[in-house]
$ cat query_1.cif   # mmCIF, C-alpha atoms
data_protein
#
loop_
_atom_site.label_atom_id
_atom_site.label_comp_id
_atom_site.auth_asym_id
_atom_site.auth_seq_id
_atom_site.Cartn_x
_atom_site.Cartn_y
_atom_site.Cartn_z
CA MET N 170 -1.78 2.98 30.52
CA LEU N 171 -1.65 3.07 26.71
CA SER N 172 -0.06 0.09 24.97
CA THR N 173 3.02 0.51 22.80
CA ARG N 174 0.88 -0.23 19.73
CA VAL N 175 -1.61 2.54 20.53
CA LYS N 176 1.15 5.03 21.35
CA ALA N 177 2.86 4.33 18.02
CA ALA N 178 -0.44 4.75 16.16
CA LEU N 179 -1.07 8.09 17.91
CA VAL N 180 2.23 9.33 16.48
CA PHE N 181 2.29 7.65 13.05
CA VAL N 182 -1.29 8.28 11.86
CA PRO N 183 -1.28 12.06 12.56
CA LEU N 184 2.13 12.26 10.87
CA VAL N 185 0.71 10.62 7.73
CA LEU N 186 -2.31 12.96 7.77
CA ILE N 187 -0.06 16.02 8.11
CA PHE N 188 1.98 15.01 5.06
CA ILE N 189 -1.18 14.29 3.06
CA TYR N 190 -2.42 17.77 3.92
CA LEU N 191 0.89 19.39 2.97
CA GLY N 192 1.10 17.60 -0.39
CA GLY N 193 3.74 18.56 -2.94
CA TRP N 194 7.43 17.97 -2.21
CA ALA N 195 6.86 17.18 1.46
CA PHE N 196 4.34 14.44 0.74
CA ASN N 197 6.28 12.97 -2.18
CA LEU N 198 9.52 12.79 -0.20
CA PHE N 199 7.63 11.17 2.67
CA ILE N 200 6.17 8.54 0.32
CA LEU N 201 9.58 7.94 -1.24
CA ALA N 202 11.07 7.30 2.20
CA LEU N 203 8.26 4.88 3.09
CA LEU N 204 8.60 2.99 -0.19
CA LEU N 205 12.39 2.67 0.11
CA LEU N 206 12.08 1.35 3.67
CA ALA N 207 9.35 -1.06 2.56
CA ALA N 208 11.49 -2.22 -0.38
CA HIS N 209 14.38 -2.99 1.97
CA GLU N 210 12.04 -5.01 4.21
CA TYR N 211 10.64 -6.80 1.15
CA ALA N 212 14.11 -7.91 0.08
CA ARG N 213 15.08 -8.96 3.60
CA LEU N 214 11.95 -11.13 3.87
CA PHE N 215 13.06 -13.18 0.89
CA THR N 216 16.49 -13.77 2.39
CA HIS N 217 14.66 -15.89 4.97
CA THR N 218 13.39 -18.11 2.15
CA GLY N 219 16.89 -18.80 0.81
CA TYR N 220 16.95 -16.20 -1.96
CA ASP N 221 19.27 -13.23 -2.32
CA PRO N 222 17.52 -10.39 -4.19
CA SER N 223 19.62 -7.37 -5.10
CA ILE N 224 18.76 -4.70 -2.54
CA PRO N 225 20.64 -1.90 -4.37
CA VAL N 226 18.83 -2.65 -7.64
CA LEU N 227 15.48 -2.92 -5.86
CA LEU N 228 15.99 0.43 -4.13
CA ALA N 229 17.22 2.05 -7.35
CA GLY N 230 14.18 0.76 -9.25
CA VAL N 231 11.73 2.08 -6.64
CA LEU N 232 13.54 5.43 -6.68
CA LEU N 233 13.31 5.65 -10.49
CA PHE N 234 9.60 4.82 -10.52
CA THR N 235 8.95 7.41 -7.81
CA LEU N 236 10.83 10.11 -9.70
CA GLN N 237 9.02 9.18 -12.92
CA ARG N 238 5.63 9.43 -11.22
CA TRP N 239 6.62 12.65 -9.48
CA PHE N 240 8.22 14.63 -12.27
CA LEU N 241 6.99 12.99 -15.48
CA ASP N 242 3.42 12.19 -14.39
CA GLY N 243 3.68 8.57 -15.50
CA GLU N 244 5.14 9.27 -18.97
CA TYR N 245 7.90 7.15 -20.54
CA LEU N 246 6.72 4.10 -18.60
CA GLY N 247 7.87 1.65 -21.26
CA PHE N 248 11.35 3.19 -21.27
CA LEU N 249 11.53 2.98 -17.47
CA ILE N 250 10.41 -0.66 -17.39
CA SER N 251 13.06 -1.47 -20.01
CA ILE N 252 15.79 0.17 -17.92
CA THR N 253 14.78 -1.55 -14.70
CA LEU N 254 14.47 -4.88 -16.47
CA PHE N 255 18.02 -4.50 -17.79
CA LEU N 256 19.35 -3.42 -14.38
CA THR N 257 17.72 -6.46 -12.78
CA ILE N 258 18.94 -9.00 -15.34
CA VAL N 259 22.61 -8.00 -15.17
CA PRO N 260 23.27 -8.84 -11.49
CA ALA N 261 21.35 -12.11 -11.89
CA ILE N 262 23.69 -13.15 -14.73
CA PHE N 263 26.74 -12.29 -12.61
CA GLN N 264 25.30 -14.28 -9.71
CA PHE N 265 24.77 -17.32 -11.90
CA GLU N 266 28.30 -17.05 -13.33
CA ARG N 267 29.62 -17.13 -9.76
CA GLY N 268 27.79 -20.42 -9.23
CA TYR N 269 24.62 -19.25 -7.53
CA SER N 270 21.97 -21.64 -8.85
CA LYS N 271 18.98 -19.55 -7.67
CA ALA N 272 20.02 -16.45 -9.62
CA VAL N 273 16.93 -16.53 -11.84
CA TYR N 274 14.68 -16.55 -8.76
CA ASN N 275 16.60 -13.58 -7.36
CA PHE N 276 15.87 -11.77 -10.63
CA ALA N 277 12.16 -12.55 -10.29
CA VAL N 278 12.00 -11.41 -6.67
CA THR N 279 13.90 -8.18 -7.38
CA PHE N 280 11.90 -7.23 -10.45
CA SER N 281 8.55 -8.08 -8.85
CA GLY N 282 9.51 -5.92 -5.86
CA ILE N 283 10.27 -2.98 -8.15
CA LEU N 284 6.88 -3.31 -9.85
CA TYR N 285 5.03 -3.90 -6.59
CA LEU N 286 6.47 -1.00 -4.59
CA GLY N 287 7.73 1.20 -7.43
CA TRP N 288 4.74 0.99 -9.77
CA VAL N 289 1.82 0.23 -7.45
CA GLY N 290 3.23 2.10 -4.45
CA THR N 291 3.68 5.40 -6.27
CA PHE N 292 -0.04 5.65 -6.99
CA LEU N 293 -0.05 7.35 -3.58
CA ILE N 294 1.67 10.26 -5.36
CA SER N 295 -0.68 10.10 -8.36
CA LEU N 296 -3.81 10.10 -6.20
CA ARG N 297 -2.65 13.11 -4.16
CA ALA N 298 -1.69 14.97 -7.36
CA LEU N 299 -5.19 14.72 -8.87
CA PRO N 300 -7.53 17.70 -8.87
CA ASP N 301 -9.15 17.50 -5.43
CA GLY N 302 -6.50 14.92 -4.58
CA LEU N 303 -6.35 16.10 -0.98
CA GLY N 304 -9.98 15.17 -0.36
CA TRP N 305 -9.78 11.89 -2.22
CA THR N 306 -6.55 10.81 -0.51
CA LEU N 307 -8.14 11.69 2.82
CA THR N 308 -11.04 9.46 1.78
CA ALA N 309 -9.24 6.45 0.30
CA LEU N 310 -6.70 5.89 3.07
CA PRO N 311 -8.96 6.53 6.11
CA VAL N 312 -11.67 4.36 4.55
CA THR N 313 -9.14 1.54 4.38
CA TRP N 314 -8.12 2.08 8.01
CA LEU N 315 -11.74 2.22 9.19
CA ALA N 316 -12.73 -0.86 7.17
CA ASP N 317 -9.79 -2.71 8.71
CA SER N 318 -11.00 -1.65 12.16
CA GLY N 319 -14.48 -2.92 11.33
CA ALA N 320 -13.01 -6.23 10.25
CA TYR N 321 -11.05 -6.48 13.51
CA PHE N 322 -13.93 -5.73 15.89
CA ILE N 323 -16.66 -7.66 14.06
CA GLY N 324 -14.26 -10.53 13.46
CA ARG N 325 -13.39 -10.79 17.14
CA TRP N 326 -17.06 -10.65 18.07
CA LEU N 327 -18.62 -12.98 15.53
CA GLY N 328 -15.76 -14.55 13.60
CA LYS N 329 -15.84 -18.34 13.43
CA HIS N 330 -15.26 -19.26 9.81
CA LYS N 331 -11.74 -18.54 8.60
CA PHE N 332 -11.32 -16.40 5.51
CA SER N 333 -7.79 -17.56 4.62
CA PRO N 334 -6.67 -20.02 7.31
CA ARG N 335 -3.17 -20.75 5.99
CA THR N 336 -2.21 -17.26 4.83
CA SER N 337 -3.83 -15.16 7.57
CA PRO N 338 -5.45 -17.30 10.30
CA ASN N 339 -7.00 -14.33 12.13
CA LYS N 340 -9.11 -13.22 9.17
CA THR N 341 -12.73 -14.43 9.11
CA TRP N 342 -15.73 -14.05 6.84
CA ALA N 343 -17.48 -12.13 9.63
CA GLY N 344 -14.53 -9.75 9.69
CA PHE N 345 -14.76 -9.34 5.92
CA ALA N 346 -18.46 -8.46 6.28
CA GLY N 347 -17.56 -6.04 9.08
CA ALA N 348 -15.06 -4.31 6.79
CA VAL N 349 -17.79 -3.76 4.20
CA LEU N 350 -20.33 -2.61 6.80
CA TRP N 351 -17.87 -0.04 8.12
CA GLY N 352 -16.28 0.86 4.82
CA VAL N 353 -19.42 1.95 2.94
CA PRO N 354 -20.77 4.47 5.50
CA SER N 355 -17.23 5.64 6.25
CA GLY N 356 -16.69 6.55 2.60
CA LEU N 357 -20.01 8.35 2.43
CA LEU N 358 -19.42 10.32 5.65
CA LEU N 359 -15.86 11.24 4.70
CA VAL N 360 -17.01 12.69 1.37
CA LEU N 361 -19.69 14.64 3.26
CA LEU N 362 -17.04 15.94 5.68
CA TRP N 363 -14.56 16.96 2.98
CA ARG N 364 -17.32 18.68 1.01
CA THR N 365 -18.16 20.67 4.12
CA VAL N 366 -14.59 21.86 4.78
CA GLY N 367 -13.81 22.45 1.10
CA PHE N 368 -11.40 19.60 0.41
CA LEU N 369 -13.85 18.27 -2.21
CA PRO N 370 -16.24 20.24 -4.44
CA ALA N 371 -19.65 20.84 -2.87
CA GLN N 372 -21.33 19.01 -5.75
CA THR N 373 -19.39 15.75 -5.19
CA PRO N 374 -22.08 13.02 -4.97
CA LEU N 375 -22.17 11.12 -1.70
CA TRP N 376 -22.62 7.85 -3.59
CA GLN N 377 -19.05 8.18 -4.84
CA GLY N 378 -17.81 7.92 -1.27
CA ALA N 379 -20.01 4.87 -0.69
CA VAL N 380 -18.71 3.21 -3.88
CA MET N 381 -15.11 3.93 -2.87
CA GLY N 382 -15.77 2.55 0.61
CA LEU N 383 -17.31 -0.64 -0.75
CA THR N 384 -14.63 -1.21 -3.38
CA LEU N 385 -11.70 -0.62 -1.03
CA ALA N 386 -13.23 -2.71 1.75
CA VAL N 387 -13.62 -5.65 -0.66
CA LEU N 388 -10.31 -5.40 -2.55
CA THR N 389 -7.59 -3.94 -0.30
CA PRO N 390 -7.40 -7.01 2.00
CA ILE N 391 -5.62 -8.69 -0.92
CA GLY N 392 -2.66 -6.42 -0.23
CA ASP N 393 -2.53 -7.58 3.38
CA LEU N 394 -2.90 -11.22 2.34
CA PHE N 395 -0.05 -10.88 -0.16
CA VAL N 396 2.36 -9.64 2.49
CA SER N 397 1.08 -12.31 4.89
CA LEU N 398 1.84 -14.90 2.20
CA ILE N 399 5.45 -13.70 2.03
CA LYS N 400 5.78 -13.62 5.82
CA ARG N 401 4.35 -17.13 6.22
CA THR N 402 6.72 -18.40 3.55
CA ALA N 403 9.64 -16.67 5.26
CA GLY N 404 8.56 -17.89 8.70
CA VAL N 405 8.47 -14.45 10.32
CA LYS N 406 5.75 -12.56 12.17
CA ASP N 407 6.45 -9.02 10.93
CA THR N 408 8.22 -7.41 7.98
CA GLY N 409 10.38 -5.42 10.39
CA ASN N 410 10.40 -3.70 13.77
CA LEU N 411 10.57 -0.03 12.86
CA ILE N 412 7.13 0.83 14.30
CA PRO N 413 6.77 -0.41 17.90
CA GLY N 414 3.84 -2.78 18.26
CA HIS N 415 3.03 -2.64 14.53
CA GLY N 416 6.01 -4.30 12.85
CA GLY N 417 7.62 -2.83 9.76
CA ILE N 418 6.68 -0.18 7.23
CA LEU N 419 5.52 -2.82 4.75
CA ASP N 420 3.16 -4.19 7.41
CA ARG N 421 1.51 -0.76 7.57
CA ILE N 422 1.35 0.23 3.89
CA ASP N 423 0.42 -3.14 2.38
CA THR N 424 -3.23 -2.03 2.01
CA TRP N 425 -2.49 1.68 1.52
CA ILE N 426 -0.77 1.25 -1.81
CA TRP N 427 -3.68 -0.77 -3.21
CA ALA N 428 -6.13 1.76 -1.80
CA ALA N 429 -4.23 4.47 -3.68
CA LEU N 430 -4.17 2.53 -6.97
CA ILE N 431 -7.85 1.56 -6.80
CA GLY N 432 -8.85 4.98 -5.47
CA TYR N 433 -7.00 6.71 -8.31
CA TYR N 434 -8.85 4.81 -11.01
CA LEU N 435 -12.17 5.22 -9.21
CA VAL N 436 -11.69 8.99 -9.10
CA ILE N 437 -10.75 9.03 -12.81
CA THR N 438 -13.93 7.06 -13.52
CA PHE N 439 -16.03 9.40 -11.36
CA GLN N 440 -14.64 12.40 -13.23
CA GLY N 441 -15.49 10.78 -16.54
CA LEU N 442 -19.10 10.39 -15.43
CA MET N 443 -19.53 14.01 -14.35
#
$ encode --input "query_1.cif" --output "structure tokens"
Amino acid sequence: MLSTRVKAALVFVPLVLIFIYLGGWAFNLFILALLLLAAHEYARLFTHTGYDPSIPVLLAGVLLFTLQRWFLDGEYLGFLISITLFLTIVPAIFQFERGYSKAVYNFAVTFSGILYLGWVGTFLISLRALPDGLGWTLTALPVTWLADSGAYFIGRWLGKHKFSPRTSPNKTWAGFAGAVLWGVPSGLLLVLLWRTVGFLPAQTPLWQGAVMGLTLAVLTPIGDLFVSLIKRTAGVKDTGNLIPGHGGILDRIDTWIWAALIGYYLVITFQGLM
């Protein structure tokens, strides 16, 4: 009998792939919903540490960044940062005037959440919007999933030396090596597959997939460690309970958003070399 975790994955992963394939409004609205849910979880995590970030401001900031990325293609970034900075400062001042001594920390948590999920998170939209963005999004995210699977299986088999014992006790150096060993060929084979079905140009070099696999396998675990750091500080196991057996939305997308950001700039670099 399938576990709850496997059943949830069999529903959630195909749903994500369908929205990636659809692109456009459907994909962007889907990403917006994920980011808003993740932002709410992010704020709730910090309430366990004694802080009180402004959830309305955090959600509004993520919404504004998403709309800016969607409709303005990243333009007017300085203006947007100025607005969100102002919107974040004002409630902190009111909190302090009411006697809340940690108001400045609430400001820092709220603004960092806007940048983390609003700025970094919306690279999912930018990556999908690139020329050949369908193929590259279907490379960057699955590579991250497959590298994570490699880390899990190799880590369970050979893992003895802890990678980050306080932040994420289950991560090992063997698991990290497993992520790289799975990530590199996964990237190469995915590019080969998407070339075959027409999601990427036929002349796309296979080495680009290998480079993406290597880079994402090495760097995206930082996203997972960051969320683990917050959870350990808050004293909770998961960011939420929305996905049975998997925790919250932030638990799922913590590596995705970094895969999108890194993948976006890798693709831009690849295009500059062609």
$ residues_around --input "query_1.cif" --residues "N:Leu303" --least-positions-apart "3" --cutoff "7 Å" --atoms "all atoms listed in the file" --output "list in words"
Ile189, Tyr190, Arg297, Thr306, Leu307 and Phe368 of chain N
$ resolve_selection --input "query_1.cif" --expression "the PyMOL selection byres ((chain N and resi 317) around 9)" --output "list in words"
Val312, Thr313, Trp314, Leu315, Ala316, Ser318, Gly319, Ala320, Tyr321, Phe322, Gly344, Phe345, Gly347, Ala348, Trp351, Gly352, Ala386 and Pro390 of chain N
$ resolve_selection --input "query_1.cif" --expression "the PyMOL selection byres ((chain N and resi 281) around 12)" --output "list of chain:residue names"
N:Ala208, N:Tyr211, N:Ala212, N:Phe215, N:Pro222, N:Ser223, N:Val226, N:Leu227, N:Gly230, N:Val231, N:Ile250, N:Thr253, N:Leu254, N:Thr257, N:Tyr274, N:Asn275, N:Phe276, N:Ala277, N:Val278, N:Thr279, N:Phe280, N:Gly282, N:Ile283, N:Leu284, N:Tyr285, N:Leu286, N:Gly287, N:Trp288, N:Val289
$ closest_residue --input "query_1.cif" --among "N:Gly304, N:Pro183, N:Pro225, N:Gly432" --to "N:Thr389" --atoms "only C-alpha atoms"
N:Gly432
$ atom_distance --input "query_1.cif" --atom1 "atom CA of N:Gly417" --atom2 "atom CA of N:Leu206"
8.6 Å
$ atom_distance --input "query_1.cif" --atom1 "atom CA of N:Ser333" --atom2 "atom CA of N:Thr402"
14.6 Å
$ residues_around --input "query_1.cif" --residues "N:Ile262" --least-positions-apart "3" --cutoff "9 Å" --atoms "only C-alpha atoms" --output "ChimeraX atom specification"
/N:258-259,265-267,272-273,276
$ residues_near_point --input "query_1.cif" --point "(-5.9, 4.3, -2.2)" --cutoff "8 Å" --atoms "only C-alpha atoms" --output "ChimeraX atom specification"
/N:292-293,296,306,309-310,313,385,425-433
$ atom_distance --input "query_1.cif" --atom1 "atom CA of N:Leu350" --atom2 "atom CA of N:Thr408"
29.0 Å
$ residues_around --input "query_1.cif" --residues "N:Leu201" --least-positions-apart "2" --cutoff "9 Å" --atoms "only C-alpha atoms" --output "PDB file with C-alpha atoms, in the coordinates of the input"
ATOM      1  CA  PHE N 196       4.340  14.440   0.740  1.00  0.00           C
ATOM      2  CA  ASN N 197       6.280  12.970  -2.180  1.00  0.00           C
ATOM      3  CA  LEU N 198       9.520  12.790  -0.200  1.00  0.00           C
ATOM      4  CA  PHE N 199       7.630  11.170   2.670  1.00  0.00           C
ATOM      5  CA  LEU N 203       8.260   4.880   3.090  1.00  0.00           C
ATOM      6  CA  LEU N 204       8.600   2.990  -0.190  1.00  0.00           C
ATOM      7  CA  LEU N 205      12.390   2.670   0.110  1.00  0.00           C
ATOM      8  CA  LEU N 206      12.080   1.350   3.670  1.00  0.00           C
ATOM      9  CA  VAL N 231      11.730   2.080  -6.640  1.00  0.00           C
ATOM     10  CA  LEU N 232      13.540   5.430  -6.680  1.00  0.00           C
ATOM     11  CA  THR N 235       8.950   7.410  -7.810  1.00  0.00           C
ATOM     12  CA  LEU N 236      10.830  10.110  -9.700  1.00  0.00           C
ATOM     13  CA  THR N 291       3.680   5.400  -6.270  1.00  0.00           C
TER      14      THR N 291
END
$ closest_residue --input "query_1.cif" --among "N:Trp326, N:Trp363, N:Trp239, N:Phe181" --to "N:Asp301" --atoms "only C-alpha atoms"
N:Trp363
$ residues_around --input "query_1.cif" --residues "N:Gln377" --least-positions-apart "5" --cutoff "10 Å" --atoms "only C-alpha atoms" --output "number ranges by chain"
N: 353, 356-357, 360, 382-383, 435-436, 439
$ closest_residue --input "query_1.cif" --among "N:Leu411, N:Thr373, N:Val387, N:Gly378" --to "N:Trp342" --atoms "all atoms listed in the file"
N:Val387
$ closest_residue --input "query_1.cif" --among "N:Ile437, N:Ala202, N:Leu186, N:Leu214" --to "N:Ile399" --atoms "all atoms listed in the file"
N:Leu214
